[in-house]
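Engineer: Hey, dropping query-v4.tsv in here, TSV, C-alpha atoms:
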```tsv
chain	number	residue	atom	x	y	z
A	1	MET	CA	7.31	-10.76	-14.31
A	2	ARG	CA	6.77	-14.48	-13.88
A	3	GLU	CA	10.44	-15.15	-13.13
A	4	LEU	CA	10.53	-12.32	-10.59
A	5	ALA	CA	7.46	-13.74	-8.87
A	6	ALA	CA	8.97	-17.23	-8.69
A	7	SER	CA	12.20	-15.86	-7.24
A	8	ALA	CA	10.31	-13.86	-4.61
A	9	ILE	CA	8.20	-16.86	-3.63
A	10	LEU	CA	11.21	-19.13	-3.17
A	11	ALA	CA	12.98	-16.42	-1.15
A	12	ALA	CA	9.95	-15.97	1.11
A	13	ILE	CA	9.65	-19.71	1.71
A	14	ALA	CA	13.33	-19.91	2.67
A	15	ASP	CA	13.02	-16.80	4.87
A	16	ALA	CA	10.20	-18.53	6.76
A	17	GLY	CA	12.36	-21.60	7.33
A	18	LEU	CA	10.02	-23.76	5.26
A	19	ARG	CA	10.41	-25.99	2.22
A	20	VAL	CA	8.46	-25.84	-1.00
A	21	LYS	CA	6.58	-28.99	-0.04
A	22	ASP	CA	5.37	-27.24	3.16
A	23	ILE	CA	3.36	-24.71	1.13
A	24	ASP	CA	-0.26	-25.67	0.44
A	25	GLY	CA	-1.68	-22.29	-0.60
A	26	LEU	CA	-0.81	-19.74	-3.29
A	27	LEU	CA	-2.45	-16.34	-3.87
A	28	LEU	CA	-1.42	-14.20	-6.85
A	29	ASN	CA	-1.85	-10.45	-7.27
A	30	LYS	CA	-1.29	-9.52	-10.89
A	31	SER	CA	-0.36	-6.03	-12.02
A	32	PRO	CA	-3.35	-3.99	-13.26
A	33	THR	CA	-1.49	-3.29	-16.52
A	34	ALA	CA	-0.30	-6.85	-17.12
A	35	HIS	CA	-1.86	-9.63	-19.14
A	36	THR	CA	-3.36	-12.39	-17.02
A	37	GLU	CA	-1.03	-14.97	-18.54
A	38	GLU	CA	1.98	-13.10	-17.13
A	39	LEU	CA	1.10	-14.32	-13.64
A	40	PRO	CA	-1.07	-17.40	-14.25
A	41	LEU	CA	-2.41	-20.00	-11.86
A	42	ARG	CA	0.00	-22.48	-13.42
A	43	MET	CA	2.80	-20.66	-11.60
A	44	GLN	CA	2.21	-23.48	-9.16
A	45	ASN	CA	4.14	-25.68	-11.57
A	46	ASP	CA	6.97	-23.16	-12.03
A	47	ILE	CA	7.76	-23.41	-8.34
A	48	GLY	CA	7.07	-27.10	-7.91
A	49	LEU	CA	4.07	-26.71	-5.62
A	50	ARG	CA	1.95	-29.84	-5.35
A	51	ASP	CA	-1.47	-30.72	-3.94
A	52	LEU	CA	-2.44	-27.15	-3.05
A	53	SER	CA	-5.49	-26.66	-0.86
A	54	LEU	CA	-5.85	-23.00	-1.82
A	55	LEU	CA	-5.11	-21.33	-5.17
A	56	ALA	CA	-6.43	-18.07	-6.61
A	57	ALA	CA	-5.49	-15.03	-8.68
A	58	MET	CA	-6.95	-11.89	-7.11
A	59	ASP	CA	-7.62	-8.45	-8.53
A	60	SER	CA	-8.97	-5.74	-6.27
A	61	GLU	CA	-6.49	-3.21	-7.62
A	62	GLY	CA	-4.24	-1.57	-5.02
A	63	SER	CA	-6.14	-3.15	-2.13
A	64	THR	CA	-5.35	-6.68	-3.31
A	65	ALA	CA	-2.07	-7.27	-1.48
A	66	VAL	CA	-3.60	-6.64	1.93
A	67	GLN	CA	-6.67	-8.64	0.94
A	68	MET	CA	-4.42	-11.59	0.08
A	69	VAL	CA	-3.01	-11.52	3.59
A	70	GLN	CA	-6.49	-11.30	5.06
A	71	TYR	CA	-7.84	-14.25	3.07
A	72	ALA	CA	-4.71	-16.29	3.72
A	73	ALA	CA	-5.07	-15.68	7.46
A	74	LEU	CA	-8.75	-16.65	7.36
A	75	ALA	CA	-7.93	-19.80	5.38
A	76	VAL	CA	-5.27	-20.83	7.90
A	77	ALA	CA	-7.59	-20.10	10.83
A	78	ALA	CA	-10.36	-22.19	9.20
A	79	GLY	CA	-8.05	-25.12	8.49
A	80	LEU	CA	-8.30	-24.73	4.71
A	81	ALA	CA	-4.52	-24.36	4.40
A	82	LYS	CA	-1.46	-24.48	6.64
A	83	ALA	CA	1.01	-22.18	4.87
A	84	VAL	CA	-0.02	-19.73	2.15
A	85	VAL	CA	2.29	-17.70	-0.08
A	86	CYS	CA	1.05	-14.31	-1.29
A	87	VAL	CA	2.91	-12.66	-4.17
A	88	PHE	CA	2.83	-9.51	-6.30
A	89	SER	CA	5.04	-8.99	-9.34
A	90	ASP	CA	5.25	-6.11	-11.81
A	91	THR	CA	7.42	-4.99	-14.72
A	92	PRO	CA	6.07	-1.59	-15.82
A	93	ILE	CA	9.46	-0.45	-17.14
A	94	LYS	CA	9.78	-2.29	-20.44
A	95	GLU	CA	12.52	-0.41	-22.28
A	96	LYS	CA	15.90	0.89	-21.24
A	97	GLY	CA	15.65	4.49	-20.15
A	98	LYS	CA	11.86	4.51	-20.20
A	99	GLY	CA	10.03	5.24	-16.97
A	100	GLY	CA	6.97	3.53	-15.52
A	101	GLY	CA	4.51	6.28	-16.36
A	102	ASP	CA	2.58	4.00	-18.72
A	103	THR	CA	1.32	2.25	-15.61
A	104	PHE	CA	-0.88	5.29	-14.93
A	105	ALA	CA	-1.71	6.28	-18.52
A	106	LEU	CA	-4.99	4.38	-18.74
A	107	ALA	CA	-8.29	6.22	-18.34
A	108	MET	CA	-9.85	5.75	-14.91
A	109	PRO	CA	-13.65	5.54	-15.24
A	110	LEU	CA	-15.13	7.75	-12.53
A	111	SER	CA	-18.10	9.43	-14.23
A	112	GLY	CA	-20.01	6.29	-15.14
A	113	ILE	CA	-20.26	7.56	-18.72
A	114	GLU	CA	-18.50	5.19	-21.08
A	115	SER	CA	-15.25	6.60	-22.56
A	116	TRP	CA	-15.96	10.10	-21.22
A	117	GLU	CA	-12.66	10.32	-19.34
A	118	ALA	CA	-10.56	9.33	-22.35
A	119	ARG	CA	-12.37	11.79	-24.63
A	120	GLN	CA	-11.77	14.61	-22.16
A	121	GLY	CA	-8.09	13.78	-21.68
A	122	PHE	CA	-8.79	12.77	-18.10
A	123	LEU	CA	-6.15	10.07	-18.16
A	124	GLY	CA	-4.57	7.98	-15.48
A	125	ALA	CA	-4.82	7.67	-11.73
A	126	THR	CA	-2.95	10.98	-11.39
A	127	ALA	CA	-5.90	12.94	-12.77
A	128	GLY	CA	-8.42	11.23	-10.52
A	129	TYR	CA	-6.38	11.67	-7.36
A	130	ALA	CA	-5.54	15.27	-8.29
A	131	LEU	CA	-9.25	16.05	-8.58
A	132	ALA	CA	-9.83	14.47	-5.16
A	133	ALA	CA	-6.99	16.48	-3.65
A	134	ARG	CA	-8.50	19.67	-5.07
A	135	ARG	CA	-11.76	18.89	-3.27
A	136	HIS	CA	-9.94	18.42	0.03
A	137	MET	CA	-8.15	21.73	-0.52
A	138	ALA	CA	-11.44	23.49	-1.21
A	139	LEU	CA	-13.18	22.04	1.84
A	140	TYR	CA	-10.41	22.21	4.42
A	141	GLY	CA	-7.81	24.63	3.16
A	142	THR	CA	-5.13	21.99	2.64
A	143	THR	CA	-2.12	23.62	0.97
A	144	PRO	CA	0.56	22.56	-1.54
A	145	GLU	CA	3.12	23.03	1.23
A	146	GLN	CA	1.30	20.43	3.32
A	147	LEU	CA	1.37	17.94	0.45
A	148	GLY	CA	5.04	18.79	0.20
A	149	ALA	CA	5.53	18.01	3.89
A	150	TYR	CA	4.33	14.49	3.23
A	151	ALA	CA	6.70	14.00	0.29
A	152	ILE	CA	9.62	15.43	2.25
A	153	ALA	CA	8.95	13.15	5.24
A	154	CYS	CA	8.90	10.13	2.93
A	155	ARG	CA	12.24	11.18	1.46
A	156	GLN	CA	13.70	11.61	4.95
A	157	TRP	CA	12.75	8.04	5.75
A	158	ALA	CA	14.07	6.80	2.40
A	159	ALA	CA	17.45	8.35	3.18
A	160	LEU	CA	17.69	5.81	6.01
A	161	ASN	CA	16.68	2.85	3.80
A	162	PRO	CA	19.41	1.25	1.66
A	163	GLN	CA	16.74	-0.36	-0.56
A	164	ALA	CA	14.95	2.91	-1.38
A	165	PHE	CA	15.37	4.19	-4.93
A	166	LEU	CA	15.18	7.92	-4.17
A	167	ARG	CA	17.38	8.85	-1.21
A	168	LYS	CA	18.68	12.34	-2.06
A	169	PRO	CA	17.35	14.84	0.52
A	170	ILE	CA	14.76	17.35	-0.69
A	171	THR	CA	13.61	20.67	0.75
A	172	LEU	CA	10.31	22.46	0.46
A	173	GLN	CA	11.91	24.66	-2.19
A	174	ASP	CA	12.89	21.53	-4.15
A	175	TYR	CA	9.34	20.28	-3.87
A	176	LEU	CA	7.76	23.54	-5.04
A	177	ALA	CA	10.20	23.68	-7.98
A	178	SER	CA	9.21	20.18	-9.06
A	179	PRO	CA	7.15	20.36	-12.29
A	180	TYR	CA	3.42	19.73	-12.26
A	181	VAL	CA	2.01	16.47	-13.59
A	182	VAL	CA	-1.64	17.34	-12.93
A	183	GLU	CA	-2.26	20.24	-10.55
A	184	PRO	CA	-1.93	20.17	-7.60
A	185	PHE	CA	0.38	17.16	-8.02
A	186	ARG	CA	4.00	17.71	-8.84
A	187	VAL	CA	6.44	14.99	-9.84
A	188	LEU	CA	7.44	14.61	-6.19
A	189	ASP	CA	3.80	13.90	-5.22
A	190	CYS	CA	3.73	10.78	-7.40
A	191	CYS	CA	4.91	7.22	-6.80
A	192	PHE	CA	8.05	5.69	-8.28
A	193	PRO	CA	7.24	2.49	-10.27
A	194	VAL	CA	9.93	-0.20	-10.50
A	195	ASN	CA	10.29	-3.72	-11.82
A	196	GLY	CA	10.20	-6.23	-9.00
A	197	ALA	CA	8.31	-8.72	-6.88
A	198	ILE	CA	7.55	-9.28	-3.21
A	199	ALA	CA	6.16	-12.40	-1.56
A	200	LEU	CA	5.32	-13.36	2.00
A	201	VAL	CA	4.14	-16.45	3.83
A	202	VAL	CA	1.07	-16.57	6.07
A	203	THR	CA	0.88	-19.47	8.52
A	204	SER	CA	-0.34	-20.20	12.06
A	205	ALA	CA	1.15	-18.46	15.08
A	206	ASP	CA	2.22	-21.82	16.53
A	207	ARG	CA	4.12	-22.74	13.38
A	208	ALA	CA	5.63	-19.28	13.01
A	209	ALA	CA	7.04	-19.47	16.52
A	210	ASP	CA	9.62	-21.97	15.25
A	211	ALA	CA	10.68	-19.83	12.27
A	212	PRO	CA	14.34	-18.73	12.03
A	213	LYS	CA	13.31	-15.06	12.03
A	214	PRO	CA	10.87	-13.23	14.32
A	215	PRO	CA	7.28	-13.62	13.10
A	216	THR	CA	4.87	-10.78	12.44
A	217	TYR	CA	1.51	-11.32	14.11
A	218	ILE	CA	-1.84	-10.23	12.63
A	219	HIS	CA	-4.22	-8.80	15.23
A	220	GLY	CA	-6.97	-7.10	13.25
A	221	MET	CA	-8.23	-6.61	9.74
A	222	GLY	CA	-10.90	-4.71	7.87
A	223	GLN	CA	-12.22	-3.69	4.48
A	224	GLY	CA	-14.34	-0.79	3.27
A	225	HIS	CA	-15.73	-0.21	-0.23
A	226	ARG	CA	-18.29	2.65	-0.27
A	227	GLY	CA	-19.10	2.73	-3.96
A	228	ARG	CA	-19.99	5.86	-5.96
A	229	SER	CA	-23.60	6.98	-6.23
A	230	GLY	CA	-22.81	9.96	-8.47
A	231	LEU	CA	-25.43	11.93	-6.53
A	232	ARG	CA	-25.12	15.33	-4.94
A	233	GLY	CA	-23.75	15.14	-1.42
A	234	ASP	CA	-21.73	12.00	-2.04
A	235	GLU	CA	-18.07	12.94	-1.63
A	236	PRO	CA	-15.89	9.90	-2.39
A	237	GLU	CA	-12.92	12.26	-2.79
A	238	VAL	CA	-12.80	12.92	0.96
A	239	LEU	CA	-15.12	10.35	2.59
A	240	THR	CA	-13.71	6.91	1.84
A	241	GLY	CA	-14.01	3.28	2.87
A	242	ALA	CA	-10.91	3.67	5.03
A	243	VAL	CA	-13.22	4.71	7.86
A	244	GLN	CA	-15.14	1.42	7.66
A	245	ALA	CA	-11.97	-0.64	7.20
A	246	GLY	CA	-10.27	1.00	10.15
A	247	LYS	CA	-13.20	0.59	12.50
A	248	ALA	CA	-13.44	-3.11	11.66
A	249	ALA	CA	-9.71	-3.62	12.21
A	250	TYR	CA	-9.67	-1.77	15.53
A	251	ARG	CA	-12.74	-3.66	16.70
A	252	SER	CA	-11.32	-7.07	15.79
A	253	ALA	CA	-8.01	-6.27	17.51
A	254	GLY	CA	-9.64	-4.74	20.58
A	255	VAL	CA	-7.75	-1.46	20.19
A	256	THR	CA	-8.32	2.12	19.06
A	257	ALA	CA	-6.50	4.47	16.71
A	258	ARG	CA	-4.64	5.87	19.72
A	259	ASP	CA	-2.85	2.53	20.13
A	260	VAL	CA	-1.24	2.68	16.66
A	261	THR	CA	2.49	3.42	16.94
A	262	GLN	CA	3.36	3.56	13.22
A	263	CYS	CA	1.67	3.33	9.81
A	264	GLN	CA	2.56	1.86	6.46
A	265	PHE	CA	0.14	3.46	3.99
A	266	TYR	CA	-0.59	2.73	0.37
A	267	ASP	CA	0.42	6.12	-1.01
A	268	ALA	CA	0.58	6.19	-4.79
A	269	PHE	CA	0.16	9.97	-4.35
A	270	SER	CA	0.86	12.31	-1.46
A	271	TYR	CA	-2.84	13.03	-1.01
A	272	ALA	CA	-3.45	9.36	-0.18
A	273	GLY	CA	-1.25	9.87	2.87
A	274	VAL	CA	-3.25	12.91	3.99
A	275	LEU	CA	-6.54	11.10	3.58
A	276	SER	CA	-5.32	7.90	5.25
A	277	LEU	CA	-4.40	9.80	8.40
A	278	GLU	CA	-7.93	11.13	8.56
A	279	GLY	CA	-9.76	8.01	7.39
A	280	TYR	CA	-8.09	5.75	9.94
A	281	GLY	CA	-8.78	8.16	12.78
A	282	LEU	CA	-5.17	9.23	13.31
A	283	ALA	CA	-5.93	12.88	12.60
A	284	LYS	CA	-9.26	14.71	12.70
A	285	ARG	CA	-11.02	15.19	9.38
A	286	GLY	CA	-9.61	18.13	7.53
A	287	THR	CA	-6.48	18.35	9.69
A	288	GLY	CA	-4.28	15.78	7.96
A	289	GLY	CA	-2.32	18.45	6.14
A	290	ALA	CA	-1.60	20.39	9.33
A	291	PHE	CA	-0.60	17.14	11.06
A	292	LEU	CA	1.98	16.58	8.33
A	293	GLU	CA	3.21	20.16	8.36
A	294	ARG	CA	4.06	19.82	12.06
A	295	GLY	CA	6.41	16.95	11.19
A	296	HIS	CA	4.51	14.25	13.05
A	297	THR	CA	5.07	11.57	10.37
A	298	ALA	CA	8.76	12.29	9.73
A	299	PRO	CA	11.72	10.71	11.54
A	300	GLY	CA	11.47	11.78	15.18
A	301	GLY	CA	7.74	12.51	14.87
A	302	LYS	CA	5.06	11.05	17.10
A	303	LEU	CA	3.54	8.84	14.37
A	304	PRO	CA	6.11	7.44	11.92
A	305	VAL	CA	4.55	6.87	8.49
A	306	ASN	CA	6.06	4.88	5.61
A	307	THR	CA	9.39	4.37	7.28
A	308	GLY	CA	10.96	2.88	4.16
A	309	GLY	CA	10.11	5.88	1.99
A	310	GLY	CA	6.76	4.51	0.84
A	311	HIS	CA	5.73	4.62	-2.78
A	312	LEU	CA	6.99	8.15	-3.35
A	313	SER	CA	10.65	7.64	-2.44
A	314	GLY	CA	11.06	3.94	-1.70
A	315	PHE	CA	9.52	2.04	-4.59
A	316	TYR	CA	6.06	1.30	-5.95
A	317	LEU	CA	5.15	-2.37	-5.84
A	318	GLN	CA	1.51	-1.69	-5.03
A	319	GLY	CA	0.25	-2.90	-1.65
A	320	MET	CA	3.26	-5.12	-1.12
A	321	THR	CA	5.46	-2.09	-0.46
A	322	PRO	CA	3.76	-1.20	2.84
A	323	LEU	CA	3.40	-4.86	3.82
A	324	SER	CA	7.09	-5.51	3.27
A	325	GLU	CA	8.11	-2.52	5.38
A	326	ALA	CA	5.67	-3.54	8.12
A	327	VAL	CA	7.33	-6.96	8.38
A	328	ILE	CA	10.80	-5.35	8.48
A	329	GLN	CA	9.65	-3.00	11.23
A	330	ALA	CA	7.84	-5.70	13.21
A	331	ARG	CA	11.02	-7.79	13.17
A	332	GLY	CA	13.02	-4.87	14.47
A	333	ALA	CA	15.17	-5.06	11.34
A	334	GLY	CA	14.79	-1.44	10.25
A	335	GLY	CA	18.29	-0.36	11.21
A	336	GLU	CA	18.57	3.43	11.22
A	337	ARG	CA	14.91	3.78	10.35
A	338	GLN	CA	13.58	1.43	13.03
A	339	ALA	CA	10.55	2.95	14.77
A	340	LYS	CA	8.36	1.95	17.67
A	341	ASN	CA	6.55	-1.15	16.47
A	342	ASP	CA	4.05	-2.12	19.16
A	343	LEU	CA	1.14	-1.80	16.70
A	344	ILE	CA	1.54	-1.16	12.97
A	345	LEU	CA	-1.35	-0.19	10.70
A	346	VAL	CA	-0.92	-1.32	7.09
A	347	SER	CA	-3.32	-0.05	4.44
A	348	GLY	CA	-4.24	-0.91	0.87
A	349	ASN	CA	-6.06	1.43	-1.51
A	350	GLY	CA	-7.41	0.62	-4.96
A	351	GLY	CA	-9.05	2.50	-7.79
A	352	CYS	CA	-9.37	6.22	-7.09
A	353	LEU	CA	-9.89	5.90	-3.33
A	354	ASP	CA	-12.56	3.27	-4.02
A	355	TYR	CA	-11.30	0.10	-2.32
A	356	HIS	CA	-9.75	0.07	1.14
A	357	THR	CA	-8.21	-2.68	3.23
A	358	CYS	CA	-6.05	-2.69	6.32
A	359	VAL	CA	-4.38	-5.02	8.79
A	360	LEU	CA	-2.96	-4.37	12.23
A	361	VAL	CA	0.28	-6.23	12.93
A	362	SER	CA	2.97	-6.32	15.59
A	363	PRO	CA	5.86	-8.41	16.94
A	364	HIS	CA	3.70	-9.47	19.89
A	365	PRO	CA	1.64	-12.69	19.94
A	366	LYS	CA	-0.95	-10.84	22.05
A	367	LEU	CA	-1.62	-7.14	22.46
A	368	HIS	CA	-3.02	-7.26	25.97
```
Can the structure from this file be put into structure tokens for me?

Structural biologist:
Amino acid sequence: MRELAASAILAAIADAGLRVKDIDGLLLNKSPTAHTEELPLRMQNDIGLRDLSLLAAMDSEGSTAVQMVQYAALAVAAGLAKAVVCVFSDTPIKEKGKGGGDTFALAMPLSGIESWEARQGFLGATAGYALAARRHMALYGTTPEQLGAYAIACRQWAALNPQAFLRKPITLQDYLASPYVVEPFRVLDCCFPVNGAIALVVTSADRAADAPKPPTYIHGMGQGHRGRSGLRGDEPEVLTGAVQAGKAAYRSAGVTARDVTQCQFYDAFSYAGVLSLEGYGLAKRGTGGAFLERGHTAPGGKLPVNTGGGHLSGFYLQGMTPLSEAVIQARGAGGERQAKNDLILVSGNGGCLDYHTCVLVSPHPKLH
């Protein structure tokens, strides 16, 4: 994990046309299943970074990657640092032939009663998200076929991405034949963990203008963390902090949801895609499934979503997966999968729909 992170950091610095000595900030996002020492603050020494003005290890679960970018941008704007590297690294697959399912095997405390989930066999993020999806189905009539439409669209995008791990086309029949993990989630509803690392550099717009590759500009950002009261009427399964995060991002960028031309969602499960469309105001509440079923997020649709295949068919490296694809798209480097990139919404999602972050990026220094 540590070696992968170092390699990714050095590659990002070179990609930005900078030298190691130009970096004065380092933000680390450790894997939720890793030991802290596997991605320690002393990574600074591994890379040869000296006299840093900003250094921190962050842990806000799946929302952390986008938060790193936000805090790095704020630090640069405030003069605290000039060039900040943000990195995530993970090695969930430890043995040959063994998948990354252990990443999601830990109990997710949702009830507030200590150890209740583990005693009931309510294990992993899959169970929590499946329960949330069931609530959406009960309230709005969302169907398994609509969840399948999301998974199929992701696979269609992945087929156009040479770096995606799962590129074989799938049909609705393939999806429905996929075995259940926790109803209503089938295998094809769940993310694909891999060993890897992604890093990126955040610096000022003036400095980025001289970079060897086109920069990606940040126009808006937001966070939303509702919390769970556990009281009747509180529905964290369908009413999430994405609403708050999105409103803040749109307000800070001076735009609305109608201006978004593509999305890169954190989608550890298909339902996260449904709920993100609704939470960020891209589809009316309760209509996310129908929006997907009409093919709007697939290649050729009016709102491309997760153009690299996302977590379901591309690869799962937490919030860095959508950030990486957003940079590729903003640079116009998507090849066959390149989509309209005037304004890209990138989301992060941690816990069981508990922690939400987003940024709005584009290839344009100014939106208006």

Engineer: With all atoms listed in the file counted and 10 Å as the cut-off, give the residues of stretch 286-343 of chain A in contact with stretch 176-193 of chain A, each with its shortest interatomic distance in Å and the pair that gives it, as JSON lines.

Structural biologist:
```
{"residue": "A:Gly310", "atom": "CA", "partner": "A:Cys191", "partner_atom": "CA", "distance": 8.3}
{"residue": "A:His311", "atom": "CA", "partner": "A:Cys191", "partner_atom": "CA", "distance": 4.9}
{"residue": "A:Leu312", "atom": "CA", "partner": "A:Cys191", "partner_atom": "CA", "distance": 4.1}
{"residue": "A:Ser313", "atom": "CA", "partner": "A:Phe192", "partner_atom": "CA", "distance": 6.7}
{"residue": "A:Gly314", "atom": "CA", "partner": "A:Phe192", "partner_atom": "CA", "distance": 7.4}
{"residue": "A:Phe315", "atom": "CA", "partner": "A:Phe192", "partner_atom": "CA", "distance": 5.4}
{"residue": "A:Tyr316", "atom": "CA", "partner": "A:Pro193", "partner_atom": "CA", "distance": 4.6}
{"residue": "A:Leu317", "atom": "CA", "partner": "A:Pro193", "partner_atom": "CA", "distance": 6.9}
{"residue": "A:Gln318", "atom": "CA", "partner": "A:Pro193", "partner_atom": "CA", "distance": 8.8}
```

Engineer: Excluding A:Cys263 and residues on its chain fewer than 2 positions from it, collect all residues at most 8 Å away from it, counting all atoms listed in the file, and give them as a PDB file with C-alpha atoms, in the frame of the given file.

Structural biologist:
```pdb
ATOM      1  CA  VAL A 260      -1.240   2.680  16.660  1.00  0.00           C
ATOM      2  CA  THR A 261       2.490   3.420  16.940  1.00  0.00           C
ATOM      3  CA  PHE A 265       0.140   3.460   3.990  1.00  0.00           C
ATOM      4  CA  LEU A 303       3.540   8.840  14.370  1.00  0.00           C
ATOM      5  CA  PRO A 304       6.110   7.440  11.920  1.00  0.00           C
ATOM      6  CA  VAL A 305       4.550   6.870   8.490  1.00  0.00           C
ATOM      7  CA  ASN A 306       6.060   4.880   5.610  1.00  0.00           C
ATOM      8  CA  ILE A 344       1.540  -1.160  12.970  1.00  0.00           C
ATOM      9  CA  LEU A 345      -1.350  -0.190  10.700  1.00  0.00           C
ATOM     10  CA  VAL A 346      -0.920  -1.320   7.090  1.00  0.00           C
TER      11      VAL A 346
END
```

Engineer: How far is it from atom CA of A:Thr143 to atom CA of A:Arg232, in Å with one decimal?

Structural biologist: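 These two atoms are separated by 25.2 Å.
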
Engineer: With all atoms listed in the file as the basis for distance, which of A:Leu172, A:Leu55, A:Cys352, A:Ala153 is at the shortest distance from A:Phe291?

Structural biologist: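 Closest to A:Phe291 of all the choices is A:Ala153.
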
Engineer: If you take all atoms listed in the file and a cut-off of 6 Å, which residues of stretch 5-31 of chain A touch stretch 194-215 of chain A, and what are their nearest atom pairs and distances in Å to one decimal, in chain and number order, as a Markdown table?

Structural biologist:
```
| residue | atom | partner | partner_atom | distance |
| --- | --- | --- | --- | --- |
| A:Ala5 | CA | A:Ala197 | CA | 5.5 |
| A:Ala8 | CA | A:Ala199 | CA | 5.4 |
| A:Ile9 | CA | A:Ala199 | CA | 5.3 |
| A:Ala12 | CA | A:Leu200 | CA | 5.4 |
| A:Ala16 | CA | A:Ala211 | CA | 5.7 |
| A:Gly17 | CA | A:Ala211 | CA | 5.5 |
```

Engineer: Point out the residue among A:Ile170, A:Ile47, A:Ala242, A:Ala125 with the least atom-to-atom distance to A:Gln156, counting all atoms listed in the file.

Structural biologist: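 Closest to A:Gln156 of all the choices is A:Ile170.
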
Engineer: For A:Leu54, which residue out of A:Pro144, A:Gly227, A:Gly79, A:Pro32 is the nearest one, using all atoms listed in the file?

Structural biologist: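 Smallest distance to A:Leu54 is found for A:Gly79.
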
Engineer: Could you jot down the atom CA of A:Lys94 to atom CA of A:Ala158 separation for me, Å, one decimal place?

Structural biologist: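 We find that atom CA of A:Lys94 and atom CA of A:Ala158 lie 25.0 Å from each other.
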
Engineer: Give me, please, the distance in Å between atom CA of A:Ala151 and atom CA of A:Tyr175, quoted to one decimal.

Structural biologist: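 Computing it gives 8.0 Å between the two atoms.
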
Engineer: Rank nothing, just name the residue among A:Ala56, A:Leu292, A:Ala81, A:Ala138 nearest to A:Val274, using all atoms listed in the file.

Structural biologist: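 The closest residue to A:Val274 is A:Leu292.
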
Engineer: Using only C-alpha atoms, pick whichever of A:Gly335, A:Gly300, A:Pro169, A:Gly348 has the shortest atom-to-atom distance to A:Leu323.

Structural biologist: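 Closest residue, counting only C-alpha atoms: A:Gly348.
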
Engineer: Find the residue from A:Leu277, A:Val84, A:Leu166, A:Ile218 that sits nearest to A:Lys366; use only C-alpha atoms when measuring.

Structural biologist: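 Closest to A:Lys366 of all the choices is A:Ile218.
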